[in-house]
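Enquirer: To start, I am sharing the structure in question, which I have written as structure tokens.
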Amino acid sequence: MTHLLRLNTPKRWPIRRKGIKYIARPVPGPHKLKECITLNIVLKDLLKYAKTTREVKKILNEGKVLIDNVARKEHRFPIGIMDIIEIPTTNEHYVVMLDENHKFILKKIKKDEASKKVCKIIGKKHLKGNRLQLNLYDGKNALVNNDTFKMGDSVVYDFSNKKIQDHLKFEKGAFVYLADGKHVGKKGVVEDIKTSPNKKTRIVLKHKDKRFETLKDYSYVIKNERDND
């Protein structure tokens with residue numbers, strides 16, 4: 001199936017629910033359906049660079065849009081949180097995020113920030129030769145020589161050499177972004193980590209001057225120390 005009923009699309013999609021009956025469905029890729037939007041939506045509904053899918057295809061066929069430093073020409077290519085979007089001809093750079101209304105948004109970033117991205121570790125696999133493969137949120141895999149990485153940590157991935165530049169540990173004091181749950185879109189400092197047998201780990205997060213609890217699974221480490229954004 002190449003299309004979805006507009007009324008049945010994920011709630012995170014920032015689109016009008018009424019109007020044209022169908023909308024392009026994402027092709028299989030690095031993100032699940034409910035965790036992504038398409039390039040078609042980005043160019044038409046978020047950036048307003050095109051009014052029709054025909055116009056979107058023309059822009060993409062000219063190689064004018066990069067996703068994670070790769071030119072993408074499929075208008076149904078899936079894009080998820082923390083993916084980097086670049087439009088070199090207009091010198092625009094964005095990171096994909098969710099706002100507090102649970103909708104996908106594009107946050108403008110500087111050119112030097114677009115050369116790397118933060119990726120959450122969602123899986124680990126031990127390989128021959130004492131090597132470890134990290135499975136990252138966006139479908140990438142990275143090989144490392146030591147086992148200091150844990151599930152829920154994040155890494156900073158450098159596009160230029162396709163290697164890990166930094167390790168962001170999930171721990172007290174980590175600065176995290178919430179990608180799901182009641183408090184989606186908020187950022188804050190982890191003040192406490194609560195674990196108990198047979199229950200999911202919960203964290204106490206300080207957001208501005210308020211504190212609340214949420215699941216660790218919803219968090220995405222973006223810095224080891226607090227920023228002011």
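In the structure tokens, chains take letters A, B, ... by order of appearance, with residues numbered from 1 within each chain and ligands from 1 in the order shown.
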If we count only C-alpha atoms and set the cut-off at 10 Å, which residues sit around stretch 166-178 of chain A, ignoring sequence neighbours fewer than 6 positions away in its own chain? Please answer as a ChimeraX atom specification.
Expert: /A:97-100,118-120,148-158,184-193,203-207,214-227
Enquirer: Please identify all polymer residues within 9 Å of A:Asn145, counting only C-alpha atoms, omitting same-chain residues fewer than 5 positions from it, and present them as a PyMOL selection string.
Expert: chain A and resi 130-133
Enquirer: Can you tell me, as a PyMOL selection string, what residues are no more than 12 Å from A:Ile20 when counting only C-alpha atoms, ignoring any on the same chain fewer than 4 positions away?
Expert: chain A and resi 3-7+15-16+24+52
Enquirer: Return as number ranges by chain the full set of residues in stretch 22-225 of chain A whose backbone-based DSSP assignment is strand (DSSP E or B).
Expert: A: 22-24, 37-38, 66-67, 70-71, 78-79, 84-87, 92-98, 104-108, 116-127, 131-136, 141-144, 154-158, 163-168, 175-178, 187-196, 199-207, 210-215, 219-223
Enquirer: With C-alpha atoms kept, could you save the residues just selected as a short mmCIF file (atom, residue, chain, number, x, y, z; two decimals), in the first residue's frame?
Expert:
```
data_model
loop_
_atom_site.label_atom_id
_atom_site.label_comp_id
_atom_site.auth_asym_id
_atom_site.auth_seq_id
_atom_site.Cartn_x
_atom_site.Cartn_y
_atom_site.Cartn_z
CA TYR A 22 -5.23 10.04 0.78
CA ILE A 23 -1.64 10.86 1.67
CA ALA A 24 1.63 9.13 0.72
CA ILE A 37 7.07 11.67 8.68
CA THR A 38 7.86 11.72 4.99
CA LEU A 66 20.08 15.96 2.31
CA ILE A 67 18.99 13.70 5.16
CA VAL A 70 22.82 11.89 2.09
CA ALA A 71 20.78 13.26 -0.84
CA PRO A 78 10.82 8.28 6.40
CA ILE A 79 12.33 10.90 8.70
CA ILE A 84 19.35 16.18 10.21
CA ILE A 85 17.84 17.94 7.18
CA GLU A 86 20.03 20.16 5.02
CA ILE A 87 19.18 22.31 2.01
CA GLU A 92 19.32 25.88 5.79
CA HIS A 93 19.89 23.19 8.38
CA TYR A 94 17.33 21.57 10.67
CA VAL A 95 16.99 18.83 13.26
CA VAL A 96 13.67 16.96 13.47
CA MET A 97 11.97 16.99 16.88
CA LEU A 98 8.56 16.76 18.54
CA PHE A 104 6.79 16.89 14.41
CA ILE A 105 8.65 20.18 14.05
CA LEU A 106 11.89 21.36 12.47
CA LYS A 107 14.36 23.17 14.71
CA LYS A 108 16.82 25.39 12.87
CA LYS A 116 26.82 15.29 13.28
CA LYS A 117 23.78 13.92 15.09
CA VAL A 118 22.83 12.44 18.43
CA CYS A 119 21.71 8.80 18.22
CA LYS A 120 20.20 6.75 21.04
CA ILE A 121 21.50 3.21 21.62
CA ILE A 122 18.60 0.75 21.40
CA GLY A 123 20.54 -2.50 21.09
CA LYS A 124 23.96 -4.15 21.47
CA LYS A 125 25.51 -7.19 19.81
CA HIS A 126 28.84 -8.86 20.63
CA LEU A 127 30.88 -9.86 17.58
CA ARG A 131 34.12 -6.12 19.21
CA LEU A 132 30.75 -4.64 20.02
CA GLN A 133 28.09 -3.50 17.58
CA LEU A 134 25.78 -0.72 18.72
CA ASN A 135 22.32 -0.59 17.17
CA LEU A 136 21.17 3.01 16.99
CA ASN A 141 25.06 0.36 13.36
CA ALA A 142 28.42 1.34 14.83
CA LEU A 143 31.38 -0.84 15.85
CA VAL A 144 33.25 -0.02 19.06
CA SER A 154 23.43 8.16 23.28
CA VAL A 155 26.36 8.69 20.93
CA VAL A 156 27.34 11.64 18.77
CA TYR A 157 27.74 10.31 15.22
CA ASP A 158 30.04 12.20 12.84
CA LYS A 163 32.33 7.24 13.35
CA ILE A 164 31.27 7.91 16.93
CA GLN A 165 32.64 11.22 18.14
CA ASP A 166 31.33 11.21 21.71
CA HIS A 167 29.53 9.05 24.27
CA LEU A 168 26.62 10.59 26.20
CA PHE A 175 20.41 16.45 29.96
CA VAL A 176 17.64 14.61 28.15
CA TYR A 177 14.87 15.24 25.66
CA LEU A 178 11.54 13.42 26.02
CA LYS A 187 14.01 18.86 28.05
CA GLY A 188 15.56 18.65 31.47
CA VAL A 189 18.17 17.26 33.83
CA VAL A 190 17.90 13.73 35.28
CA GLU A 191 17.88 14.16 39.07
CA ASP A 192 17.07 10.59 40.08
CA ILE A 193 16.76 7.14 38.51
CA LYS A 194 14.29 4.71 40.09
CA THR A 195 14.60 1.02 39.36
CA SER A 196 12.65 -1.92 40.77
CA LYS A 199 9.04 -2.73 36.52
CA LYS A 200 10.22 -0.23 33.97
CA THR A 201 12.84 2.25 35.11
CA ARG A 202 11.48 5.69 35.96
CA ILE A 203 13.36 8.96 36.21
CA VAL A 204 12.83 12.22 38.06
CA LEU A 205 13.37 15.07 35.63
CA LYS A 206 13.87 18.74 36.40
CA HIS A 207 12.36 20.87 33.64
CA LYS A 210 9.48 21.94 37.95
CA ARG A 211 10.08 18.25 38.66
CA PHE A 212 8.13 15.24 37.46
CA GLU A 213 8.49 11.50 36.91
CA THR A 214 8.44 9.74 33.58
CA LEU A 215 9.71 6.50 32.03
CA SER A 219 14.14 9.87 27.36
CA TYR A 220 16.83 10.63 24.81
CA VAL A 221 20.19 11.86 26.16
CA ILE A 222 21.28 14.89 24.16
CA LYS A 223 23.99 16.30 26.44
#
```
Enquirer: Compile a residue-level contact table for stretch 72-173 of chain A against stretch 60-64 of chain A at a cut-off of 9 Å, reporting for every qualifying residue the shortest atom pair and its distance in Å to one decimal, with only C-alpha atoms counted, rows ordered by chain and ascending number, as a Markdown table.
Expert:
```
| residue | atom | partner | partner_atom | distance |
| --- | --- | --- | --- | --- |
| A:Arg72 | CA | A:Leu60 | CA | 6.6 |
| A:Lys73 | CA | A:Leu60 | CA | 4.7 |
| A:Glu74 | CA | A:Leu60 | CA | 7.2 |
| A:His75 | CA | A:Leu60 | CA | 7.2 |
| A:Glu86 | CA | A:Lys64 | CA | 8.4 |
| A:Ile87 | CA | A:Lys64 | CA | 5.9 |
| A:Pro88 | CA | A:Lys64 | CA | 6.8 |
| A:Thr89 | CA | A:Lys64 | CA | 6.9 |
```
Enquirer: Check stretch 5-141 of chain A with DSSP on the backbone and list each residue it calls alpha helix (DSSP H), as a PyMOL selection string.
Expert: chain A and resi 39-41+53-61
Enquirer: Using only C-alpha atoms, which residue out of A:Arg54, A:Arg25, A:Lys32, A:Lys48 lies closest to A:Asp138?
Expert: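 Closest residue, counting only C-alpha atoms: A:Lys32.
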Enquirer: Between atom CA of A:Leu39 and atom CA of A:Ile59, measure the distance and give it in Å to one decimal.
Expert: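 Rounded to one decimal, the two atoms are 10.8 Å apart.
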